[in-house]
Each structure stands twice: as structure tokens, then as C-alpha cells.
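*Asks:* Take this structure, written in C-alpha cells, and hold onto it; I'll ask about it next.
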Amino acid sequence: MNTPLCHTPPMGWNTWNTFSWNINAELIKSSADKMVETGLKDAGYEYIVIDDCWSLKERVNGRLVPDKEKFPDGMKAIADYIHSKGLKFGMYSCAGTHTCGGYPGSFEHEFIDAETFAGWDVDYLKYDYCYKPDCADGANLYKRMGLALRNCGRDIVFSACNWGKDDVHSWIRGTGAQLFRSTGDIQDNWESIKNIVSSQIGTSSTSGVYCHNDMDMLVVGMHGNSDNEWIADVVGGCSDTEYKTHFALWAIMNSALMIGCDIRKMSDATLEILTNKDIIAINQDIECRGPYCIRQWNNPENVFALVKPLSGGELAIGMFNFGDKTNEMSLQFFDIGLPYSSGRGLEMYDCYTHSTVGTFTERMCVQIPSHDCMMYRAKLVRTN
Ligand code: GAL
């Protein structure tokens with residue numbers, strides 16, 4: 001018991017983005033099957049998380065109870081099934097009196113609920129922020145559930161979800177949470193992805209081992225398919241290029257990687273994006289150092305690089321073009337601590353072609369198509 005959990009950002013799948021309230025045992029089991037069959041599990045995804053709308057609208061004898069129509073055999077049976085696949089089981093509750101969907105929250109029931117989840121063999125709890133009484137201090141409510149989970153007799157990952165409110169970065173580590181949502185809810189459109197990234201550039205130093213930034217569940221592969229009209233949005237989702245860039249950003253910014261599409265119906269392109277082992281390796285680097293940002297001097301709004309030091313001396317370098325036409329990124333190595341006078345350059349390995357593209361000195365200049373990105377591992381080499 002009490003093994004340190006989530007050294008690196010957790011990876012998994014969550015019901016909310018695509019299914020919202022429309023969840024049941026069959027959906028969970030068939031998604032667990034697909035997690036294994038498609039190779040997602042082998043790529044590192046392990047948590048199957050049931051989000052809001054799983055319980056009855058009222059407690060029974062003070063306890064949360066699953067909706068029998070959605071989960072006729074109860075939650076322990078779901079846990080057993082998920083565990084039999086070598087995966088882990090996540091559930092959802094809320095720090096307020098009710099969940100956002102109007103189901104009972106854990107406010108003033110934190111310790112009994114942690115005990116209930118442990119009794120169902122739950123491995124992960126997402127903990128939301130709706131209907132928080134004004135008189136209650138949010139940080140204190142997360143401390144309560146953090147303490148309850150750490151003492152419930154089972155290792156349960158604590159996934160805080162207060163949308164980045166109330167200066168969460170300054171207190172979240174103290175609650176024992178392994179990850180924390182730092183933004184409002186994502187939508188399946190390019191504007192939403194851009195807004196989340198813009199709000200998170202510069203906060204990287206607060207994310208680190210055992211307590212990771214969570215930029216919300218991925219919309220990769222949704223293509224506008226969601227039972228939740230607000231998430232689906234009217235524009236029909238993103239292009240595969242935009243999903244590729246979205247995934248690269250979440251990876252290099254050290255976010256949790258929680259898939260939000262219907263993994264039973266993924267296209268080849270979606271699966272390729274989600275299982276890119278070189279991109280995942282950057283996200284899962286053991287030191288969990290957040291990236292810093294270098295903006296293109298003559299196009300700073302649209303074009304920038306994120307640079308993340310990796311264990312062992314390499315750098316992960318992502319170059320991104322948020323603009324609506326092809327744009328140039330010219331990364332001056334001076335800006336990342338490598339002056340020309342050092343007699344050293346960077347050998348660049350492309351994470352999409354999975355091959356080395358060459359050694360560069362002083363700078364690397366690339367043309368990035370609209371909404372696209374480049375992702376490299378850069379290795380320091382002598383050049384003279
Ligand atoms: C929101 C949360 C979403 C989802 C939803 C469920 O507050 O940010 O990720 O969990 O509640 O109602």
C-alpha cells in the first residue's frame with residue numbers, strides 16, 4: 001500500500017468527451033477490450049475512467065450507489081473486468097455537493113466515499129469542482145479527499161479537476177494529488193486547443209514528478225462525434241494535422257494523456273497519432289521537466305518552439321505553427337544555451353519519420369505548414 005503513484009503523467013481513456021451521460025457497462029468493457037486489441041495498452045495507456053453520470057441521483061444509507069440500469073452488476077464487476085485485461089479502473093466524484101451533471105458529490109462524505117471506491121477496487125479518482133459551497137475553501141476540500149484516498153487501504157490516483165481556479169498551482173502539491181486540471185473544458189475544435197495551450201505556456205515549472213499538469217482529455221480522433229453538443233461544437237472537429245499538433249503539445253507540455261474519442265471506432269490516422277512511441281517517450285521522460293518557449297522573432301503570435309530537457313542530456317524540441325498559412329521557424333541555438341563558439345551542434349531525430357535528419361549548427365530553420373508541427377529529439381554533438 002501507499003506506493004508512490006504516477007511518477008510520470010498518467011495515460012488512459014475517459015468516457016466524458018464522447019459519451020458524457022450516455023455510459024454503461026457494455027461501453028466500458030468493449031472499450032477496455034479495444035484498449036488491448038488496438039495496441040493502445042502496449043503504447044502505455046492503462047486507465048479506463050468512468051466520468052460523471054454513473055450513480056443514482058440519491059445516496060443510499062449515506063453511500064454512493066451505481067445506477068443499476070447503466071451498471072447492472074455494480075462497479076466491482078467492472079473493476080474485475082478491467083483488471084482482467086491488465087488495465088486500471090478510474091471513477092469520478094466531485095468536491096461539491098453535486099457533480100456537474102447533478103449527481104451526489106462527495107462534499108462532507110469524503111472519507112466514506114474513499115472507502116467505497118477502495119471497496120470497488122478503484123485505482124484512480126477524478127475529482128471535480130461543481131457545486132462547491134461558497135463558504136468552503138477549495139484547497140481544503142482537495143486536502144480532505146487527498147487524505148482520505150491516501151488512507152483508504154488502496155493505491156488510488158487522485159486526479160484533481162478544479163479547472164485551474166483559485167490559484168491551484170500554488171497549493172495542489174500539498175493535497176497529494178497526482179494530477180490537476182489547469183484549464184476549463186476542452187472542445188473538439190482548433191480554437192479550444194490553441195486557447196488551452198496559450199493559457200499553459202509559462203506554467204510548466206509547477207508540473208513535475210508525482211503531480212502533473214492536466215490540460216484536459218484529448219479530442220484526438222473525435223472528428224465532431226460526441227453525445228455532448230458543447231464538446232462536439234458545430235464545426236465538426238479538427239483535421240488530422242490539428243489532432244497531430246494537439247497530441248504533440250499535450251505530450252511536450254507534460255500533460256496527462258487521457259484519450260477522449262471512441263476508441264472502438266478509431267481511424268488508422270488517429271491510432272497512429274495516439275501510439276507514436278517517440279512522442280509518448282517525450283511525455284513520459286523520467287525527469288518530467290516542463291518546456292520553455294522560444295517564439296519566432298518576426299511572427300511570435302503564430303510560431304514558437306517548446307524546448308524540454310530530457311534525462312540523459314538530450315532535448316525535446318517541438319516547433320509549432322498556429323497560423324493559417326505555412327510559416328518559418330528559425331530556432332537560434334544560442335537561445336537554448338548552445339553558442340556557435342562551443343564547437344558543438346545538434347543532431348536532430350524526427351519523431352514522425354523516426355529517423356535522424358542531420359546535424360545543425362547555430363540554428364535550425366524549418367517551414368511548418370499551417371496548424372502543423374515538427375517534433376525532434378536533439379542530441380549534442382561535436383562539430384569541429
Ligand atoms: C466538468 C469537467 C469535465 C467533466 C464534467 C462532467 O466540470 O471539467 O471534464 O468531468 O465536469 O460533468
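So you can find residues: chains in the C-alpha cells are A, B, ... in the order shown, residues in each start at 1, and ligands are numbered from 1 in order.
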Write out as a Markdown table a residue-level contact list of chain A versus ligand 1 with cut-off 8 Å: for each qualifying residue the closest pair of atoms and the distance in Å to one decimal, counting only C-alpha atoms and all ligand atoms, rows sorted by chain and residue number upward.
*Replies:*
```
| residue | atom | partner | partner_atom_place_in_ligand_line | distance |
| --- | --- | --- | --- | --- |
| A:Trp16 | CA | ligand 1 | 4 (C) | 6.0 |
| A:Asn17 | CA | ligand 1 | 9 (O) | 7.7 |
| A:Ser20 | CA | ligand 1 | 6 (C) | 7.1 |
| A:Asp51 | CA | ligand 1 | 10 (O) | 5.7 |
| A:Asp52 | CA | ligand 1 | 6 (C) | 4.8 |
| A:Cys53 | CA | ligand 1 | 12 (O) | 7.4 |
| A:Tyr92 | CA | ligand 1 | 10 (O) | 7.6 |
| A:Thr99 | CA | ligand 1 | 12 (O) | 6.2 |
| A:Cys100 | CA | ligand 1 | 12 (O) | 4.1 |
| A:Gly101 | CA | ligand 1 | 12 (O) | 4.7 |
| A:Lys126 | CA | ligand 1 | 10 (O) | 7.7 |
| A:Asp128 | CA | ligand 1 | 7 (O) | 5.6 |
| A:Tyr129 | CA | ligand 1 | 7 (O) | 6.3 |
| A:Cys130 | CA | ligand 1 | 7 (O) | 6.1 |
| A:Cys161 | CA | ligand 1 | 8 (O) | 6.3 |
| A:Asn162 | CA | ligand 1 | 8 (O) | 7.4 |
| A:Trp163 | CA | ligand 1 | 8 (O) | 6.3 |
| A:Arg181 | CA | ligand 1 | 8 (O) | 7.8 |
| A:Gly184 | CA | ligand 1 | 8 (O) | 6.3 |
| A:Asp185 | CA | ligand 1 | 8 (O) | 5.1 |
| A:Asp216 | CA | ligand 1 | 9 (O) | 6.7 |
| A:Met217 | CA | ligand 1 | 9 (O) | 7.3 |
```
*Asks:* Write out as a PDB file with C-alpha atoms, in the first residue's frame the residues lying within 8 Å of region 249-258 of chain A, counting only C-alpha atoms and excluding same-chain residues fewer than 2 positions away.
*Replies:*
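Result file is around-v2.pdb:
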```pdb
ATOM      1  CA  PRO A   9       1.912  11.674 -16.360  1.00  0.00           C
ATOM      2  CA  PRO A  10      -0.876   9.066 -16.360  1.00  0.00           C
ATOM      3  CA  MET A  11      -2.209   7.747 -19.681  1.00  0.00           C
ATOM      4  CA  GLY A  12      -5.648   6.315 -20.326  1.00  0.00           C
ATOM      5  CA  TRP A  13      -9.146   6.827 -21.686  1.00  0.00           C
ATOM      6  CA  ASN A  14     -12.095   8.719 -20.220  1.00  0.00           C
ATOM      7  CA  LEU A 179      -2.526  15.397 -11.467  1.00  0.00           C
ATOM      8  CA  VAL A 197      -2.031  25.918 -24.903  1.00  0.00           C
ATOM      9  CA  SER A 204       5.439  24.392 -16.723  1.00  0.00           C
ATOM     10  CA  SER A 207       4.195  20.426 -13.057  1.00  0.00           C
ATOM     11  CA  HIS A 212       1.260  16.593 -13.249  1.00  0.00           C
ATOM     12  CA  ASN A 213      -0.492  19.284 -15.164  1.00  0.00           C
ATOM     13  CA  ASP A 214      -3.699  18.061 -16.839  1.00  0.00           C
ATOM     14  CA  MET A 215      -4.696  20.132 -19.864  1.00  0.00           C
ATOM     15  CA  ASP A 216      -7.928  18.093 -20.176  1.00  0.00           C
ATOM     16  CA  MET A 217      -8.815  14.949 -22.057  1.00  0.00           C
ATOM     17  CA  LEU A 218      -7.611  14.711 -25.643  1.00  0.00           C
ATOM     18  CA  THR A 245      -0.308  19.013 -33.262  1.00  0.00           C
ATOM     19  CA  HIS A 246      -2.691  18.802 -30.295  1.00  0.00           C
ATOM     20  CA  PHE A 247      -1.154  15.486 -29.224  1.00  0.00           C
ATOM     21  CA  GLY A 260     -11.429  11.162 -25.283  1.00  0.00           C
ATOM     22  CA  ILE A 279       6.147  11.447 -28.875  1.00  0.00           C
ATOM     23  CA  ILE A 280       4.973   9.379 -25.906  1.00  0.00           C
ATOM     24  CA  ILE A 282       8.962  12.702 -24.573  1.00  0.00           C
ATOM     25  CA  ASN A 283       5.840  12.923 -22.392  1.00  0.00           C
ATOM     26  CA  GLN A 284       6.978  10.056 -20.198  1.00  0.00           C
ATOM     27  CA  CYS A 288       9.247  15.350 -16.052  1.00  0.00           C
ATOM     28  CA  ARG A 289      10.791  18.754 -16.743  1.00  0.00           C
ATOM     29  CA  GLY A 290       8.389  21.198 -18.295  1.00  0.00           C
ATOM     30  CA  PRO A 291       9.292  23.009 -21.521  1.00  0.00           C
ATOM     31  CA  LEU A 306       8.900  24.406 -26.941  1.00  0.00           C
ATOM     32  CA  LYS A 308      12.112  20.348 -22.861  1.00  0.00           C
ATOM     33  CA  ALA A 316      12.920  17.505 -26.938  1.00  0.00           C
ATOM     34  CA  GLY A 318       8.692  20.939 -30.750  1.00  0.00           C
TER      35      GLY A 318
END
```
*Asks:* Given only C-alpha atoms as the basis, pick out the residue of A:Ser182, A:Ser84, A:Asn228, A:Thr270 nearest to Asp240 (chain A).
*Replies:*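 The shortest atom-to-atom distance to Asp240 (chain A) comes from A:Thr270.
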*Asks:* I want to know what sits within 8 Å of Cys211 (chain A), based on only C-alpha atoms, with residues of the same chain fewer than 3 positions away left out; could you give that as a list in words?
*Replies:*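 Skipping anything fewer than 3 positions along the chain leaves Cys6, His7, Pro9, Arg173, Gly176, Ala177, Gln178, Leu179, Phe180, Ser207 and Gly208 of chain A.
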*Asks:* Take the residues that were just selected and, keeping all heavy atoms, output them as a compact mmCIF listing (two decimals), in the first residue's frame.
*Replies:*
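Output (selection-v6.txt):
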```txt
# COMPACT_ATOMS: atom_id res chain seq x y z
N CYS A 6 2.14 7.47 -10.17
CA CYS A 6 2.28 8.45 -11.28
C CYS A 6 3.58 9.22 -11.21
O CYS A 6 3.57 10.46 -11.18
CB CYS A 6 1.11 9.41 -11.30
SG CYS A 6 -0.46 8.66 -11.66
N HIS A 7 4.69 8.53 -11.22
CA HIS A 7 5.97 9.24 -11.36
C HIS A 7 5.92 10.13 -12.61
O HIS A 7 6.33 11.29 -12.60
CB HIS A 7 7.10 8.22 -11.47
CG HIS A 7 8.45 8.85 -11.52
ND1 HIS A 7 9.42 8.61 -10.59
CD2 HIS A 7 8.99 9.74 -12.38
CE1 HIS A 7 10.49 9.33 -10.89
NE2 HIS A 7 10.25 10.01 -11.98
N PRO A 9 3.34 11.39 -16.16
CA PRO A 9 1.91 11.67 -16.36
C PRO A 9 1.11 10.41 -16.68
O PRO A 9 1.56 9.58 -17.48
CB PRO A 9 1.91 12.62 -17.57
CG PRO A 9 3.25 13.26 -17.57
CD PRO A 9 4.20 12.22 -17.04
N ARG A 173 0.06 20.56 -4.91
CA ARG A 173 1.00 19.52 -4.46
C ARG A 173 0.73 19.10 -3.03
O ARG A 173 0.87 17.94 -2.66
CB ARG A 173 2.45 19.99 -4.60
CG ARG A 173 3.04 19.60 -5.90
CD ARG A 173 4.52 19.81 -6.01
NE ARG A 173 4.86 19.42 -7.36
CZ ARG A 173 5.36 18.22 -7.69
NH1 ARG A 173 5.65 17.34 -6.78
NH2 ARG A 173 5.57 17.92 -8.95
N GLY A 176 -1.70 16.12 -2.18
CA GLY A 176 -1.39 14.73 -2.52
C GLY A 176 -1.89 14.33 -3.89
O GLY A 176 -1.75 13.18 -4.29
N ALA A 177 -2.48 15.26 -4.66
CA ALA A 177 -2.99 14.91 -6.00
C ALA A 177 -1.84 14.54 -6.92
O ALA A 177 -0.76 15.14 -6.87
CB ALA A 177 -3.76 16.09 -6.58
N GLN A 178 -2.10 13.56 -7.79
CA GLN A 178 -1.09 13.15 -8.76
C GLN A 178 -1.21 13.93 -10.07
O GLN A 178 -0.30 13.94 -10.87
CB GLN A 178 -1.20 11.65 -9.07
CG GLN A 178 -0.49 10.75 -8.09
CD GLN A 178 -1.29 10.51 -6.83
OE1 GLN A 178 -2.50 10.72 -6.80
NE2 GLN A 178 -0.62 10.05 -5.79
N LEU A 179 -2.37 14.52 -10.30
CA LEU A 179 -2.53 15.40 -11.47
C LEU A 179 -3.62 16.40 -11.17
O LEU A 179 -4.46 16.19 -10.30
CB LEU A 179 -2.83 14.62 -12.75
CG LEU A 179 -4.12 13.82 -12.87
CD1 LEU A 179 -4.45 13.59 -14.35
CD2 LEU A 179 -4.01 12.47 -12.18
N PHE A 180 -3.57 17.51 -11.89
CA PHE A 180 -4.55 18.56 -11.64
C PHE A 180 -4.91 19.28 -12.92
O PHE A 180 -4.05 19.71 -13.68
CB PHE A 180 -4.03 19.58 -10.61
CG PHE A 180 -2.75 20.27 -11.02
CD1 PHE A 180 -2.79 21.54 -11.55
CD2 PHE A 180 -1.53 19.64 -10.87
CE1 PHE A 180 -1.61 22.19 -11.94
CE2 PHE A 180 -0.35 20.26 -11.26
CZ PHE A 180 -0.39 21.54 -11.79
N SER A 207 4.49 21.83 -12.79
CA SER A 207 4.20 20.43 -13.06
C SER A 207 5.49 19.64 -12.91
O SER A 207 6.53 20.08 -13.37
CB SER A 207 3.65 20.32 -14.49
OG SER A 207 3.36 19.01 -14.83
N GLY A 208 5.42 18.50 -12.28
CA GLY A 208 6.65 17.72 -12.12
C GLY A 208 6.34 16.32 -11.65
O GLY A 208 5.16 15.93 -11.58
```
*Asks:* Could you tell me, as JSON, numbers by chain, which residues of region 123-251 of chain A DSSP assigns to strand (DSSP E or B) when given the backbone?
*Replies:* {"A": [124, 125, 126, 127, 128, 157, 158, 159, 160, 179, 180, 181, 208, 211, 212, 213, 214]}
